[in-house]
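Asker: This is the structure, below, for whatever I ask next.
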Amino acid sequence: MKNSLNKSNVTLRVAKKTELNKFKTDLQEAFRISAEKEFGHALDEPIPSDLDFEDSVNYAGAIVYQVLLDENIVGGAIVAIDEVTQHNKLLLFFIATNCHSKGVGYEAWKAIEKKHPKTKVWETTTPYFEKRNIHFYVNKCGFKIVEYFSKYHPDPNQKSDSNFDEQDDEMFKFEKQM
């Protein structure tokens, strides 16, 4: 089953406003599983926070996509499209854990690129501990790590109201030149 994915079965659809709460819950669940595995304990707060999710949904040029496999929702993405500069952002992206290692994420990413062919640069970030994500962006999707954010070099776009300690705020920034 791992390599039997029919690529045409992975599609994108713009999420309906009525689906956003479920989207957020699914996103936070996917991130929770990964973070708890890494840190070895239950999280006190959801990742991303409700505020971070709302900020992404309301970001200028944001589009919320559902990722579908055989017409079933198995993930999602929030992108921000700048029609002037075409320097676009992948704000949030997740695939349900039961669909990992089946090529769904890669096919979803290719579908996002196809929907936005004028893009000159894609940008995204991921936490330092997300080895799976780092592998995905660098080795599968062709992104390059261009910056590392930490207490010594904070992300200028990150709000300081985070409930996490400094270590948990360490992030890699990626770019992909198209």
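Chains: A, B, ... in order of the structure tokens. Residues: from 1 per chain. Ligands: from 1, in order shown.
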Could the residues of region 24-76 of chain A that have an atom at most 7 Å from region 95-112 of chain A be listed as a Markdown table, each with its closest atom pair and the distance in Å to one decimal, counting only C-alpha atoms and ordered by chain and ascending residue number?
Answerer:
```
| residue | atom | partner | partner_atom | distance |
| --- | --- | --- | --- | --- |
| A:Ala30 | CA | A:Ala96 | CA | 6.0 |
| A:Val67 | CA | A:Ala108 | CA | 6.5 |
| A:Val74 | CA | A:Ala96 | CA | 5.4 |
| A:Gly75 | CA | A:Ile95 | CA | 4.1 |
| A:Gly76 | CA | A:Ile95 | CA | 6.6 |
```
Asker: With a cut-off of 12 Å, could you pull out the residues of region 78-167 of chain A touching region 46-66 of chain A and give me the nearest pair of atoms for each, distance in Å to one decimal, using only C-alpha atoms, ordered by chain and ascending number, as a tab-separated table?
Answerer:
```
residue	atom	partner	partner_atom	distance
A:Ile78	CA	A:Val64	CA	4.5
A:Val79	CA	A:Ile63	CA	5.4
A:Ala80	CA	A:Ala62	CA	4.1
A:Ile81	CA	A:Gly61	CA	4.9
A:Asp82	CA	A:Gly61	CA	6.1
A:Glu83	CA	A:Gly61	CA	8.1
A:Val84	CA	A:Gly61	CA	10.8
A:Thr85	CA	A:Gly61	CA	11.8
A:Gln86	CA	A:Gly61	CA	10.9
A:His87	CA	A:Gly61	CA	11.3
A:Asn88	CA	A:Gly61	CA	9.1
A:Lys89	CA	A:Ala62	CA	8.9
A:Leu90	CA	A:Ala62	CA	9.4
A:Leu91	CA	A:Ser56	CA	6.4
A:Leu92	CA	A:Ser56	CA	7.5
A:Phe93	CA	A:Tyr65	CA	9.3
A:Phe94	CA	A:Gln66	CA	9.8
A:Ile95	CA	A:Gln66	CA	9.9
A:Ala96	CA	A:Gln66	CA	11.5
A:Gly105	CA	A:Gln66	CA	11.8
A:Ala108	CA	A:Gln66	CA	9.5
A:Trp109	CA	A:Tyr65	CA	11.0
A:Ala111	CA	A:Tyr65	CA	10.5
A:Ile112	CA	A:Tyr65	CA	8.8
A:Lys115	CA	A:Tyr65	CA	10.9
A:His116	CA	A:Ile63	CA	11.2
A:Thr126	CA	A:Pro48	CA	11.3
A:Pro127	CA	A:Ile47	CA	10.9
A:Asn157	CA	A:Asp55	CA	11.7
A:Gln158	CA	A:Asp52	CA	9.8
A:Lys159	CA	A:Asp52	CA	9.2
A:Ser160	CA	A:Asp52	CA	11.8
A:Asp161	CA	A:Leu51	CA	10.1
A:Ser162	CA	A:Ser49	CA	8.7
A:Asn163	CA	A:Ser49	CA	9.2
A:Phe164	CA	A:Ile47	CA	10.0
```
Asker: Which of region 73-158 of chain A end up as helix (DSSP H, G or I) when DSSP is run on this backbone - answer as a list in words?
Answerer: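 Here is the list: Thr97, Asn98, Cys99, Val104, Gly105, Tyr106, Glu107, Ala108, Trp109, Lys110, Ala111, Ile112, Glu113, Lys114, Lys115, Lys131, Arg132, Asn133, Ile134, His135, Phe136, Tyr137, Val138, Asn139 and Lys140 of chain A.
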Asker: Please report, as an mmCIF file with C-alpha atoms, in the first residue's frame, each residue of chain A to which DSSP assigns strand (DSSP E or B) when run on this structure's backbone.
Answerer:
```
data_model
loop_
_atom_site.group_PDB
_atom_site.id
_atom_site.type_symbol
_atom_site.label_atom_id
_atom_site.label_comp_id
_atom_site.auth_asym_id
_atom_site.auth_seq_id
_atom_site.Cartn_x
_atom_site.Cartn_y
_atom_site.Cartn_z
ATOM 1 C CA VAL A 10 -4.961 13.474 -4.174
ATOM 2 C CA THR A 11 -6.706 16.789 -4.812
ATOM 3 C CA LEU A 12 -7.209 20.166 -3.188
ATOM 4 C CA ARG A 13 -10.400 22.007 -2.431
ATOM 5 C CA VAL A 14 -10.864 25.412 -0.852
ATOM 6 C CA ALA A 62 -4.676 33.471 2.705
ATOM 7 C CA ILE A 63 -6.323 30.483 1.069
ATOM 8 C CA VAL A 64 -7.321 27.474 3.166
ATOM 9 C CA TYR A 65 -7.162 24.198 1.264
ATOM 10 C CA GLN A 66 -8.486 20.812 2.272
ATOM 11 C CA VAL A 67 -6.301 17.931 1.076
ATOM 12 C CA LEU A 68 -8.483 15.134 -0.270
ATOM 13 C CA LEU A 69 -7.617 11.518 -0.918
ATOM 14 C CA ASN A 72 -11.992 12.137 1.843
ATOM 15 C CA ILE A 73 -10.354 14.959 3.813
ATOM 16 C CA VAL A 74 -6.916 13.774 4.964
ATOM 17 C CA GLY A 75 -5.112 17.054 5.585
ATOM 18 C CA GLY A 76 -4.950 20.702 4.826
ATOM 19 C CA ALA A 77 -2.834 23.711 3.990
ATOM 20 C CA ILE A 78 -3.038 27.433 4.455
ATOM 21 C CA VAL A 79 -1.106 29.437 1.896
ATOM 22 C CA ALA A 80 -0.709 33.186 1.546
ATOM 23 C CA HIS A 87 6.699 35.626 -2.950
ATOM 24 C CA ASN A 88 4.186 33.231 -1.415
ATOM 25 C CA LYS A 89 4.006 31.488 1.933
ATOM 26 C CA LEU A 90 2.980 28.080 3.141
ATOM 27 C CA LEU A 91 1.672 29.084 6.553
ATOM 28 C CA LEU A 92 0.391 25.726 7.809
ATOM 29 C CA PHE A 93 0.394 22.257 6.287
ATOM 30 C CA PHE A 94 -0.577 18.883 7.675
ATOM 31 C CA ILE A 95 -1.469 15.373 6.640
ATOM 32 C CA VAL A 121 9.460 31.947 -4.237
ATOM 33 C CA TRP A 122 7.730 29.764 -1.658
ATOM 34 C CA GLU A 123 8.542 30.290 2.010
ATOM 35 C CA THR A 124 7.672 28.232 5.091
ATOM 36 C CA THR A 125 8.917 27.425 8.580
ATOM 37 C CA THR A 126 8.949 24.330 10.761
ATOM 38 C CA PRO A 127 10.100 23.608 14.310
ATOM 39 C CA LYS A 144 16.476 25.117 1.098
ATOM 40 C CA ILE A 145 17.006 26.069 4.727
ATOM 41 C CA VAL A 146 17.751 29.796 4.679
ATOM 42 C CA GLU A 147 17.510 30.813 8.331
ATOM 43 C CA TYR A 148 17.437 29.399 11.857
ATOM 44 C CA PHE A 149 15.429 31.186 14.540
ATOM 45 C CA SER A 150 16.298 30.810 18.228
ATOM 46 C CA HIS A 153 18.206 35.093 16.473
ATOM 47 C CA MET A 171 12.445 27.143 13.942
ATOM 48 C CA PHE A 172 13.947 26.636 10.503
ATOM 49 C CA LYS A 173 12.906 28.930 7.678
ATOM 50 C CA PHE A 174 12.818 27.388 4.198
ATOM 51 C CA GLU A 175 12.598 28.904 0.728
ATOM 52 C CA LYS A 176 12.048 27.345 -2.653
ATOM 53 C CA GLN A 177 12.987 29.315 -5.758
#
```
Asker: If you measure from CA of Leu27 (chain A) to CA of Lys118 (chain A), what distance in Å do you get, rounded to one decimal?
Answerer: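 Taking CA of Leu27 (chain A) and CA of Lys118 (chain A), their separation equals 27.4 Å.
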Asker: In Å, rounded to a single decimal, give me how far CA of Leu43 (chain A) is from CA of Gln28 (chain A).
Answerer: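 Taking CA of Gln28 (chain A) as the start and CA of Leu43 (chain A) as the end point, the length is 10.9 Å.
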Asker: Hey, can you check how far CA of Glu130 (chain A) sits from CA of Gly40 (chain A)?
Answerer: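 CA of Gly40 (chain A) lies 13.9 Å from CA of Glu130 (chain A).
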Asker: Under the rule that only C-alpha atoms are counted, which of A:Pro154, A:Gly142, A:Lys22, A:Glu38 is the nearest residue to Glu113 (chain A)?
Answerer: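 With only C-alpha atoms as the atom set, the closest residue is A:Gly142.
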